[in-house]
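Listing of upload_38.cif; format and content: mmCIF, C-alpha atoms.
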```
data_final
loop_
_atom_site.label_atom_id
_atom_site.label_comp_id
_atom_site.auth_asym_id
_atom_site.auth_seq_id
_atom_site.Cartn_x
_atom_site.Cartn_y
_atom_site.Cartn_z
CA MET A 291 4.42 -29.63 -11.89
CA LEU A 292 7.03 -32.02 -10.50
CA ASN A 293 5.69 -35.19 -8.95
CA GLU A 294 7.74 -34.36 -5.86
CA THR A 295 5.90 -31.03 -5.58
CA LYS A 296 2.53 -32.75 -5.83
CA GLU A 297 3.47 -35.19 -3.09
CA LEU A 298 4.71 -32.36 -0.86
CA LEU A 299 1.49 -30.38 -1.33
CA LYS A 300 -0.71 -33.34 -0.55
CA GLU A 301 1.27 -35.01 2.23
CA TYR A 302 2.76 -32.11 4.19
CA TYR A 303 0.38 -29.26 3.35
CA ASN A 304 -2.69 -31.52 3.46
CA LEU A 305 -4.24 -30.24 0.25
CA ASP A 306 -7.03 -32.54 -0.85
CA ASP A 307 -7.58 -33.52 -4.48
CA GLU A 308 -10.35 -30.99 -4.94
CA THR A 309 -8.18 -28.04 -3.83
CA PHE A 310 -5.17 -29.34 -5.74
CA ASN A 311 -7.18 -29.64 -8.95
CA LEU A 312 -8.64 -26.17 -8.43
CA SER A 313 -5.11 -24.81 -8.19
CA GLU A 314 -4.13 -26.42 -11.48
CA GLU A 315 -7.23 -25.03 -13.22
CA VAL A 316 -6.57 -21.52 -11.90
CA ILE A 317 -2.99 -21.53 -13.16
CA GLU A 318 -4.26 -22.38 -16.65
CA ASP A 319 -6.83 -19.58 -16.47
CA ILE A 320 -4.44 -16.82 -15.39
CA SER A 321 -1.16 -17.57 -17.14
CA ASP A 322 -1.85 -15.10 -19.97
CA LYS A 323 -2.13 -12.24 -17.46
CA PHE A 324 1.43 -12.74 -16.27
CA GLU A 325 3.06 -11.45 -19.46
CA GLU A 326 1.69 -7.93 -18.93
CA ILE A 327 2.89 -7.96 -15.32
CA LYS A 328 6.34 -9.05 -16.48
CA GLN A 329 6.56 -6.10 -18.89
CA ILE A 330 5.69 -3.55 -16.19
CA ARG A 331 8.15 -5.22 -13.81
CA GLU A 332 10.94 -5.07 -16.38
CA TYR A 333 10.42 -1.37 -17.08
CA ASN A 334 10.37 -0.46 -13.40
CA GLN A 335 13.42 -2.60 -12.67
CA TYR A 336 15.45 -0.74 -15.25
CA LYS A 337 14.07 2.60 -14.04
CA VAL A 338 15.32 1.90 -10.50
CA LEU A 339 18.65 0.59 -11.79
CA LYS A 340 19.12 3.70 -13.94
CA ALA A 341 18.50 6.00 -10.97
CA MET A 342 21.03 4.19 -8.79
CA GLN A 343 23.64 4.35 -11.53
CA GLU A 344 23.00 8.01 -12.33
CA VAL A 345 23.53 9.11 -8.72
CA ARG A 346 26.71 7.00 -8.52
CA LEU A 347 25.57 4.84 -5.64
CA SER A 348 28.54 3.39 -3.74
CA ASP A 349 29.01 1.05 -0.81
CA ASN A 350 30.19 4.15 1.10
CA HIS A 351 26.55 5.17 1.18
CA PHE A 352 25.73 2.16 3.35
CA ASN A 353 27.72 3.63 6.24
CA TRP A 354 25.94 5.64 8.88
CA THR A 355 26.50 8.45 11.32
CA THR A 356 25.48 8.94 14.96
CA GLY A 357 23.74 11.56 17.04
CA TYR A 358 22.03 14.21 14.97
CA GLY A 359 22.82 12.45 11.70
CA TYR A 360 24.46 15.45 10.05
CA ASN A 361 25.96 14.75 6.61
CA ASP A 362 24.46 11.28 6.43
CA LEU A 363 25.51 10.39 2.88
CA GLY A 364 23.32 7.30 2.75
CA ARG A 365 20.21 9.21 3.78
CA GLU A 366 20.83 11.88 1.18
CA LYS A 367 21.48 9.31 -1.53
CA ILE A 368 18.28 7.37 -0.71
CA GLU A 369 16.20 10.53 -1.02
CA GLU A 370 17.92 11.46 -4.29
CA ILE A 371 17.17 8.01 -5.73
CA TYR A 372 13.51 8.11 -4.63
CA SER A 373 13.14 11.54 -6.25
CA LYS A 374 14.54 10.28 -9.53
CA VAL A 375 12.44 7.11 -9.64
CA PHE A 376 9.24 8.92 -8.66
CA GLY A 377 9.85 11.94 -10.90
CA SER A 378 9.71 14.45 -8.05
CA GLU A 379 11.83 17.42 -7.01
CA ASP A 380 12.62 16.13 -3.54
CA ALA A 381 11.81 13.38 -1.08
CA LEU A 382 11.85 12.39 2.58
CA VAL A 383 12.67 8.71 3.21
CA ARG A 384 13.17 8.01 6.89
CA PRO A 385 13.09 5.10 9.35
CA ILE A 386 11.50 7.41 11.92
CA ILE A 387 8.33 7.55 9.81
CA VAL A 388 6.62 4.59 11.45
CA ASN A 389 4.00 3.71 8.81
CA GLY A 390 1.95 4.99 5.90
CA THR A 391 -0.53 6.76 8.18
CA HIS A 392 2.36 8.63 9.82
CA ALA A 393 3.72 9.70 6.41
CA LEU A 394 0.30 11.01 5.38
CA THR A 395 -0.18 12.69 8.75
CA LEU A 396 3.10 14.56 8.32
CA CYS A 397 1.86 15.75 4.93
CA VAL A 398 -1.48 17.11 6.08
CA GLN A 399 -0.10 18.59 9.30
CA GLY A 400 2.74 20.23 7.41
CA LEU A 401 0.67 21.67 4.60
CA VAL A 402 -2.58 22.98 6.10
CA ARG A 403 -3.17 25.82 8.54
CA PRO A 404 -6.11 26.91 10.74
CA GLY A 405 -9.04 27.92 8.55
CA ASP A 406 -7.97 25.71 5.65
CA GLU A 407 -10.12 22.88 4.35
CA ILE A 408 -9.11 19.38 3.30
CA LEU A 409 -11.17 17.81 0.52
CA SER A 410 -11.03 14.07 -0.07
CA VAL A 411 -12.17 13.33 -3.63
CA THR A 412 -12.13 9.54 -3.17
CA GLY A 413 -14.74 9.26 -0.45
CA ARG A 414 -13.95 8.48 3.16
CA PRO A 415 -10.20 7.95 3.70
CA TYR A 416 -8.63 4.89 5.31
CA ASP A 417 -9.80 4.25 8.88
CA THR A 418 -6.58 5.34 10.61
CA LEU A 419 -6.72 8.82 9.00
CA GLU A 420 -10.16 9.58 10.39
CA GLY A 421 -8.75 10.46 13.80
CA VAL A 422 -5.95 12.51 12.26
CA ILE A 423 -8.36 14.71 10.34
CA GLY A 424 -11.09 14.78 12.98
CA ILE A 425 -13.78 12.86 11.10
CA ARG A 426 -13.72 10.66 14.18
CA GLU A 427 -13.24 12.49 17.47
CA GLN A 428 -9.60 12.18 18.51
CA LYS A 429 -7.40 14.34 20.72
CA GLY A 430 -4.84 16.22 18.67
CA SER A 431 -6.80 16.00 15.41
CA LEU A 432 -6.62 18.77 12.80
CA LYS A 433 -10.21 19.61 13.66
CA GLU A 434 -8.99 20.91 17.04
CA PHE A 435 -6.77 23.37 15.16
CA GLY A 436 -9.58 24.78 13.05
CA VAL A 437 -9.02 22.71 9.92
CA THR A 438 -12.25 21.62 8.24
CA TYR A 439 -12.94 18.59 6.09
CA ASP A 440 -15.25 17.64 3.25
CA GLU A 441 -15.44 14.74 0.83
CA VAL A 442 -16.72 13.74 -2.59
CA ASP A 443 -18.00 10.19 -2.87
CA PHE A 444 -17.61 7.99 -5.92
CA LEU A 445 -20.23 7.78 -8.62
CA GLU A 446 -22.45 4.70 -8.68
CA ASP A 447 -20.27 3.16 -11.40
CA GLY A 448 -17.21 3.43 -9.13
CA ASN A 449 -15.56 6.31 -10.96
CA VAL A 450 -14.39 9.59 -9.45
CA ASP A 451 -17.11 12.24 -9.48
CA LEU A 452 -15.32 14.97 -11.45
CA GLU A 453 -18.30 17.34 -11.51
CA GLY A 454 -18.77 16.76 -7.78
CA ILE A 455 -15.16 17.83 -7.22
CA LYS A 456 -15.71 21.10 -9.03
CA LYS A 457 -18.79 21.84 -6.91
CA LYS A 458 -17.10 21.06 -3.58
CA ILE A 459 -13.96 23.16 -4.08
CA ASN A 460 -14.27 26.53 -2.36
CA GLU A 461 -12.07 29.46 -1.33
CA ARG A 462 -10.88 27.59 1.80
CA THR A 463 -9.89 24.38 -0.03
CA LYS A 464 -6.13 24.09 0.54
CA LEU A 465 -5.43 20.39 0.15
CA VAL A 466 -7.10 17.72 -1.97
CA MET A 467 -6.58 14.09 -0.94
CA ILE A 468 -6.64 11.16 -3.36
CA GLN A 469 -6.46 7.62 -2.00
CA ARG A 470 -5.21 5.31 -4.70
CA SER A 471 -5.93 2.01 -2.96
CA LYS A 472 -9.36 0.78 -1.96
CA GLY A 473 -8.47 0.48 1.73
CA TYR A 474 -11.30 -1.13 3.72
CA SER A 475 -13.88 -0.36 1.06
CA TRP A 476 -15.55 -2.14 -1.83
CA ARG A 477 -14.38 -0.06 -4.77
CA LYS A 478 -11.86 -0.23 -7.55
CA SER A 479 -8.42 1.17 -6.88
CA LEU A 480 -7.58 4.21 -8.96
CA THR A 481 -5.40 3.76 -12.01
CA ILE A 482 -2.78 6.32 -12.94
CA GLU A 483 -5.15 7.61 -15.63
CA ASP A 484 -7.92 8.01 -13.02
CA ILE A 485 -5.54 9.96 -10.78
CA LYS A 486 -4.37 12.15 -13.68
CA GLU A 487 -7.96 13.01 -14.59
CA ALA A 488 -8.84 13.89 -10.99
CA ILE A 489 -5.76 16.10 -10.63
CA GLU A 490 -6.50 17.92 -13.88
CA THR A 491 -10.05 18.55 -12.67
CA VAL A 492 -8.83 20.06 -9.39
CA LYS A 493 -6.22 22.24 -11.11
CA SER A 494 -8.78 23.47 -13.65
CA VAL A 495 -10.68 25.07 -10.77
CA ASN A 496 -7.68 26.34 -8.80
CA LYS A 497 -4.11 25.55 -9.85
CA ASP A 498 -2.79 26.52 -6.41
CA ILE A 499 -4.61 23.75 -4.54
CA ILE A 500 -2.16 21.12 -3.30
CA VAL A 501 -2.99 17.58 -4.45
CA MET A 502 -1.73 14.83 -2.17
CA VAL A 503 -1.93 11.14 -3.15
CA ASP A 504 -1.96 8.28 -0.67
CA ASN A 505 0.13 5.88 -2.76
CA CYS A 506 0.18 3.00 -0.25
CA TYR A 507 0.04 -0.43 -1.96
CA GLY A 508 0.30 1.18 -5.41
CA GLU A 509 4.00 1.62 -6.12
CA PHE A 510 5.32 -0.16 -9.24
CA LEU A 511 1.88 -1.38 -10.38
CA ASP A 512 2.29 0.83 -13.44
CA THR A 513 5.12 2.40 -15.40
CA LYS A 514 4.19 5.78 -13.90
CA GLU A 515 3.52 7.05 -10.39
CA PRO A 516 1.11 9.81 -9.27
CA THR A 517 3.93 12.38 -9.20
CA ASP A 518 4.50 11.68 -12.90
CA VAL A 519 0.96 12.84 -13.70
CA GLY A 520 0.69 16.02 -11.65
CA ALA A 521 0.45 15.06 -7.95
CA ASP A 522 2.15 17.72 -5.85
CA VAL A 523 3.07 15.25 -3.14
CA MET A 524 2.56 11.55 -2.44
CA ALA A 525 3.37 9.28 0.46
CA GLY A 526 3.66 5.63 1.37
CA SER A 527 5.24 3.02 3.63
CA LEU A 528 8.55 1.23 3.21
CA ILE A 529 7.13 -2.00 4.63
CA LYS A 530 4.72 -2.10 1.72
CA ASN A 531 5.71 -2.10 -1.96
CA PRO A 532 8.84 0.08 -2.14
CA GLY A 533 10.65 -1.71 0.68
CA GLY A 534 10.79 -4.91 -1.33
CA GLY A 535 10.45 -6.99 1.84
CA LEU A 536 13.89 -5.86 3.08
CA ALA A 537 13.31 -2.41 4.60
CA LEU A 538 12.99 -2.85 8.34
CA THR A 539 10.70 0.13 8.85
CA GLY A 540 10.04 3.62 7.55
CA GLY A 541 8.02 5.70 5.15
CA TYR A 542 8.54 8.05 2.25
CA ILE A 543 7.13 11.34 0.99
CA ALA A 544 7.97 12.60 -2.52
CA GLY A 545 6.93 15.79 -4.23
CA ARG A 546 7.58 19.46 -4.85
CA ARG A 547 10.64 20.82 -3.08
CA ASP A 548 8.79 23.63 -1.30
CA LEU A 549 6.20 21.19 0.05
CA ILE A 550 8.81 18.68 1.19
CA GLU A 551 10.47 21.51 3.10
CA LEU A 552 7.23 22.38 4.92
CA ILE A 553 6.58 18.71 5.71
CA SER A 554 10.15 18.25 6.96
CA TYR A 555 9.52 20.98 9.55
CA ARG A 556 6.73 18.79 10.93
CA LEU A 557 9.00 15.73 10.78
CA THR A 558 11.65 17.41 12.97
CA SER A 559 11.14 21.09 13.76
CA PRO A 560 10.97 24.44 11.93
CA GLY A 561 14.43 25.55 10.85
CA ILE A 562 15.92 22.05 11.09
CA GLY A 563 13.80 20.12 8.63
CA LYS A 564 15.48 17.30 6.72
CA GLU A 565 19.05 18.24 7.66
CA CYS A 566 18.93 15.96 10.71
CA GLY A 567 17.66 12.49 11.38
CA LEU A 568 19.62 9.34 12.06
CA THR A 569 19.08 6.40 9.70
CA PHE A 570 20.26 3.80 12.25
CA GLY A 571 22.19 1.79 9.68
CA THR A 572 19.15 1.06 7.50
CA SER A 573 20.50 2.59 4.27
CA ARG A 574 21.62 -0.72 2.75
CA THR A 575 18.37 -2.60 3.38
CA VAL A 576 16.26 0.37 2.25
CA LEU A 577 18.16 0.65 -1.02
CA GLN A 578 18.42 -3.09 -1.63
CA GLY A 579 14.71 -3.42 -0.93
CA PHE A 580 13.95 -0.59 -3.35
CA PHE A 581 16.06 -2.35 -5.98
CA MET A 582 14.11 -5.58 -5.43
CA ALA A 583 10.71 -3.88 -5.21
CA PRO A 584 9.63 -4.10 -8.88
CA TYR A 585 10.15 -7.87 -8.85
CA VAL A 586 8.57 -8.43 -5.44
CA VAL A 587 5.53 -6.31 -6.34
CA SER A 588 5.06 -8.35 -9.52
CA GLN A 589 5.00 -11.53 -7.45
CA ALA A 590 2.39 -10.06 -5.09
CA VAL A 591 0.20 -9.01 -8.03
CA MET A 592 0.41 -12.50 -9.52
CA GLY A 593 -0.61 -13.93 -6.15
CA ALA A 594 -3.58 -11.57 -5.95
CA ILE A 595 -4.74 -12.66 -9.39
CA PHE A 596 -4.48 -16.32 -8.35
CA CYS A 597 -6.54 -15.60 -5.22
CA ALA A 598 -9.19 -13.75 -7.23
CA ARG A 599 -9.61 -16.51 -9.77
CA ALA A 600 -9.67 -19.29 -7.18
CA PHE A 601 -12.47 -17.67 -5.18
CA GLU A 602 -14.36 -16.71 -8.33
CA LYS A 603 -14.41 -20.38 -9.27
CA LEU A 604 -15.69 -21.21 -5.79
CA GLY A 605 -18.62 -18.84 -6.31
CA TYR A 606 -17.51 -15.87 -4.23
CA GLU A 607 -17.64 -12.24 -5.26
CA VAL A 608 -14.18 -10.67 -5.59
CA LEU A 609 -12.78 -7.22 -6.29
CA PRO A 610 -10.99 -6.77 -8.59
CA LYS A 611 -11.86 -9.71 -10.81
CA TYR A 612 -8.90 -11.77 -11.92
CA ASP A 613 -8.76 -10.15 -15.38
CA ASP A 614 -9.43 -6.53 -14.28
CA VAL A 615 -6.81 -3.78 -14.51
CA ARG A 616 -5.02 -3.50 -11.16
CA SER A 617 -3.61 -0.48 -9.40
CA ASP A 618 -2.69 -1.93 -6.01
CA ILE A 619 -1.67 -5.30 -4.58
CA ILE A 620 -4.86 -5.82 -2.56
CA GLN A 621 -7.39 -8.51 -3.40
CA VAL A 622 -10.80 -8.33 -1.74
CA VAL A 623 -12.90 -11.46 -1.27
CA ARG A 624 -16.48 -11.09 -0.01
CA LEU A 625 -17.25 -13.96 2.33
CA ASN A 626 -20.54 -15.03 3.88
CA ASN A 627 -20.01 -14.55 7.61
CA ALA A 628 -17.55 -13.82 10.39
CA ASP A 629 -16.57 -17.49 10.76
CA GLU A 630 -15.46 -17.66 7.13
CA VAL A 631 -13.40 -14.49 7.60
CA ILE A 632 -11.69 -15.95 10.67
CA ASN A 633 -11.02 -19.29 8.96
CA PHE A 634 -9.67 -17.54 5.85
CA CYS A 635 -7.19 -15.51 7.89
CA GLN A 636 -6.18 -18.49 10.01
CA GLY A 637 -5.47 -20.40 6.79
CA VAL A 638 -3.23 -17.62 5.49
CA GLN A 639 -1.43 -17.60 8.84
CA ALA A 640 -0.90 -21.36 8.59
CA ALA A 641 0.91 -20.76 5.28
CA ALA A 642 3.38 -18.32 6.87
CA PRO A 643 7.11 -18.98 7.30
CA VAL A 644 6.99 -17.23 10.69
CA ASP A 645 4.47 -18.09 13.44
CA SER A 646 2.61 -20.54 11.22
CA TYR A 647 1.37 -22.31 14.36
CA VAL A 648 -0.38 -19.18 15.68
CA LYS A 649 -4.17 -18.77 15.30
CA PRO A 650 -5.07 -15.10 14.81
CA GLU A 651 -8.25 -13.87 16.48
CA PRO A 652 -10.27 -10.65 16.11
CA TRP A 653 -9.23 -7.83 18.47
CA ALA A 654 -9.82 -4.13 19.11
CA MET A 655 -6.88 -2.73 17.15
CA PRO A 656 -6.02 0.94 17.82
CA GLY A 657 -7.24 3.27 15.07
CA TYR A 658 -10.10 1.02 13.91
CA GLU A 659 -13.78 1.22 14.83
CA SER A 660 -14.54 -2.50 14.47
CA GLU A 661 -12.64 -5.50 15.72
CA VAL A 662 -10.00 -6.54 13.20
CA ILE A 663 -8.38 -9.90 12.47
CA MET A 664 -4.92 -9.95 10.92
CA ALA A 665 -2.90 -12.85 9.56
CA ALA A 666 0.73 -11.85 9.18
CA GLY A 667 3.48 -14.40 9.69
CA ALA A 668 6.12 -12.02 8.37
CA PHE A 669 9.85 -11.57 8.79
CA ILE A 670 9.17 -7.88 9.41
CA GLN A 671 6.31 -6.98 11.73
CA GLY A 672 3.39 -5.45 9.86
CA SER A 673 5.03 -5.83 6.45
CA SER A 674 2.13 -5.72 3.98
CA ILE A 675 4.31 -6.65 1.01
CA GLU A 676 4.81 -9.99 2.73
CA LEU A 677 1.84 -12.34 2.61
CA SER A 678 -0.96 -11.16 4.88
CA ALA A 679 -4.72 -11.01 5.18
CA ASP A 680 -6.87 -8.84 7.36
CA ALA A 681 -10.48 -7.82 7.78
CA PRO A 682 -12.74 -5.79 10.02
CA ILE A 683 -15.30 -8.12 11.60
CA ARG A 684 -18.40 -6.45 10.23
CA PRO A 685 -20.81 -6.98 7.33
CA PRO A 686 -20.41 -7.40 4.41
CA TYR A 687 -17.47 -9.56 5.60
CA ASN A 688 -14.84 -8.50 3.11
CA VAL A 689 -11.38 -9.95 3.66
CA TYR A 690 -8.31 -8.19 2.27
CA PHE A 691 -5.54 -10.42 0.92
CA GLN A 692 -2.23 -8.90 -0.10
CA GLY A 693 1.45 -9.46 -0.60
CA GLY A 694 3.74 -12.39 -1.01
CA LEU A 695 7.46 -12.01 -1.62
CA THR A 696 7.11 -14.88 -4.08
CA PHE A 697 4.16 -16.00 -6.17
CA ASP A 698 4.47 -19.57 -4.87
CA HIS A 699 4.05 -18.41 -1.30
CA SER A 700 1.10 -16.21 -2.14
CA LYS A 701 -0.53 -19.12 -3.96
CA MET A 702 -0.04 -21.34 -0.90
CA GLY A 703 -1.75 -18.68 1.24
CA THR A 704 -4.84 -18.89 -0.96
CA LEU A 705 -4.89 -22.69 -0.92
CA LYS A 706 -4.53 -22.89 2.88
CA ALA A 707 -7.30 -20.30 3.28
CA ILE A 708 -9.58 -22.51 1.17
CA GLU A 709 -8.67 -25.62 3.18
CA HIS A 710 -9.33 -23.89 6.53
CA MET A 711 -12.69 -22.63 5.32
CA LYS A 712 -13.63 -26.17 4.31
CA LYS A 713 -12.70 -27.52 7.70
CA GLY A 714 -14.63 -24.74 9.41
CA LYS A 715 -17.82 -25.86 7.69
CA LYS A 716 -17.52 -29.45 8.92
#
```

Starting from the coordinates I provided, produce the structure as structure tokens.
Amino acid sequence: MLNETKELLKEYYNLDDETFNLSEEVIEDISDKFEEIKQIREYNQYKVLKAMQEVRLSDNHFNWTTGYGYNDLGREKIEEIYSKVFGSEDALVRPIIVNGTHALTLCVQGLVRPGDEILSVTGRPYDTLEGVIGIREQKGSLKEFGVTYDEVDFLEDGNVDLEGIKKKINERTKLVMIQRSKGYSWRKSLTIEDIKEAIETVKSVNKDIIVMVDNCYGEFLDTKEPTDVGADVMAGSLIKNPGGGLALTGGYIAGRRDLIELISYRLTSPGIGKECGLTFGTSRTVLQGFFMAPYVVSQAVMGAIFCARAFEKLGYEVLPKYDDVRSDIIQVVRLNNADEVINFCQGVQAAAPVDSYVKPEPWAMPGYESEVIMAAGAFIQGSSIELSADAPIRPPYNVYFQGGLTFDHSKMGTLKAIEHMKKGKK
């Protein structure tokens, strides 16, 4: 490390010798892990580049239309590129999909009908989907329309309960949900092999059941995506991995053509589907972000590994461990109490390029049962591929650290979290 860098870290960022030395030790511990990440990044970078070249992407595709958005060449080209990269027949990639929950909601609302049953085979889904399905009472939920729900929890060792899946599938099971990322839960995120095995189990019972994968936080963590191993449809957010930190908003859905058609009727209206929908001039940033995504995701993964190892060395329990196989960008750290959670998040906020002077506090965020604290000094509001940390204020006081457009920034977020926790104890 340059002497100038050391001076900057100590004088401006107020890192004491103990924290600085910890940082140096962690870098030594984790450097071997970075080679594997580099190899996955390189493959995915060339995969995205190949898709853009094959479809003959041109700067003409960065222009945009008005009104209904008929014949929007940029929109059509984006969806063609996403389909190629994700190995699917078709895709919806739109700025009017406001987040990952919205993308998943469009899927379930478009694909199930009254009397059908949704089966989650990865336990309870992410908090914000509970109201959509009707697990938690919410006006407009699928439960009001006669759609039922059941779930299969994980085995004690954290693996998917394949035999439990076979037992729970019945004649009304229309849609099986798989959540790749851990969400607000203490479990491993599913690898592509885990997802493949779960899909094969479902299809062995009934090949006509639709398998939908919540791919949020998981894109470009592997050389394959869920649609490469049998998922009928998958969805995610553009302000997470695939947006590369440049997409201003939006979500994507990729999968079988017939399913994308049904979902598109929920996106707009029956008979119109994906033929309309203004892109509001976002085509360039969406495509440039997608091009950058493999690199940006690799930086976020490296930052998560640094965070894991640092807190391991401080005696905290973490998931995954620094040398575990990873399938999303999220790092969970189990802290001791609410004060540590708050100080951790305030430290991450203090490392932000935007609103670094702001002190986040817990609040009753819509869609969540507990108060939630969120640190997110991002260029794009709510962008989870940028450095952020959030946690529900409830035992066992897990904090969720993710993102970082660059490894150096993600590392700084960890170090400032440690410093704020130290100060909070004084």

Here CA of Glu314 in chain A and CA of Lys715 in chain A stand apart by 23.6 Å

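With distances taken over all atoms listed in the file, A:Val615 is the one residue among A:Val615, A:Val411, A:Val586, A:Ile425 lying closest to Thr481 in chain A.
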
If you count only C-alpha atoms, which residues fall within 10 Å of Asp498 in chain A, apart from same-chain ones fewer than 5 positions away, as a PyMOL selection string? chain A and resi 463-465+492-493

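Proximity of A:Val648, A:Ile619, A:Leu299, A:Val398 to Ala665 in chain A, computed with only C-alpha atoms, is greatest for A:Val648.
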
Test item: the PyMOL selection byres ((chain A and resi 600) around 8) resolved as a list in words: Leu312, Ser313, Val316, Phe596, Cys597, Ala598, Arg599, Phe601, Glu602, Lys603, Leu604 and Thr704 of chain A

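CA of Gly693 in chain A is found 13.5 Å from CA of Gln671 in chain A.
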
Counting all atoms listed in the file, which of A:Asn293, A:Asn460, A:Ser410, A:Gln399 gets nearest to Gly430 in chain A? A:Gln399

Near range 621-627 of chain A, within 6 Å and counting all atoms listed in the file, which residues show up once chain neighbours fewer than 4 positions away are dropped, as a PDB file with C-alpha atoms, keeping the file's coordinate frame?
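Writing done, so here's around-v5.pdb:
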```pdb
ATOM      1  CA  ALA A 594      -3.580 -11.570  -5.950  1.00  0.00           C
ATOM      2  CA  GLU A 607     -17.640 -12.240  -5.260  1.00  0.00           C
ATOM      3  CA  VAL A 608     -14.180 -10.670  -5.590  1.00  0.00           C
ATOM      4  CA  LEU A 609     -12.780  -7.220  -6.290  1.00  0.00           C
ATOM      5  CA  TYR A 687     -17.470  -9.560   5.600  1.00  0.00           C
ATOM      6  CA  ASN A 688     -14.840  -8.500   3.110  1.00  0.00           C
ATOM      7  CA  VAL A 689     -11.380  -9.950   3.660  1.00  0.00           C
ATOM      8  CA  TYR A 690      -8.310  -8.190   2.270  1.00  0.00           C
ATOM      9  CA  PHE A 691      -5.540 -10.420   0.920  1.00  0.00           C
TER      10      PHE A 691
END
```

Spatial neighbours of range 572-578 of chain A, max dist 12 Å, only C-alpha atoms, sep filter under 5 positions, as a PyMOL selection string: chain A and resi 338-339+341-342+347-355+362-372+383-386+527-542+583-586
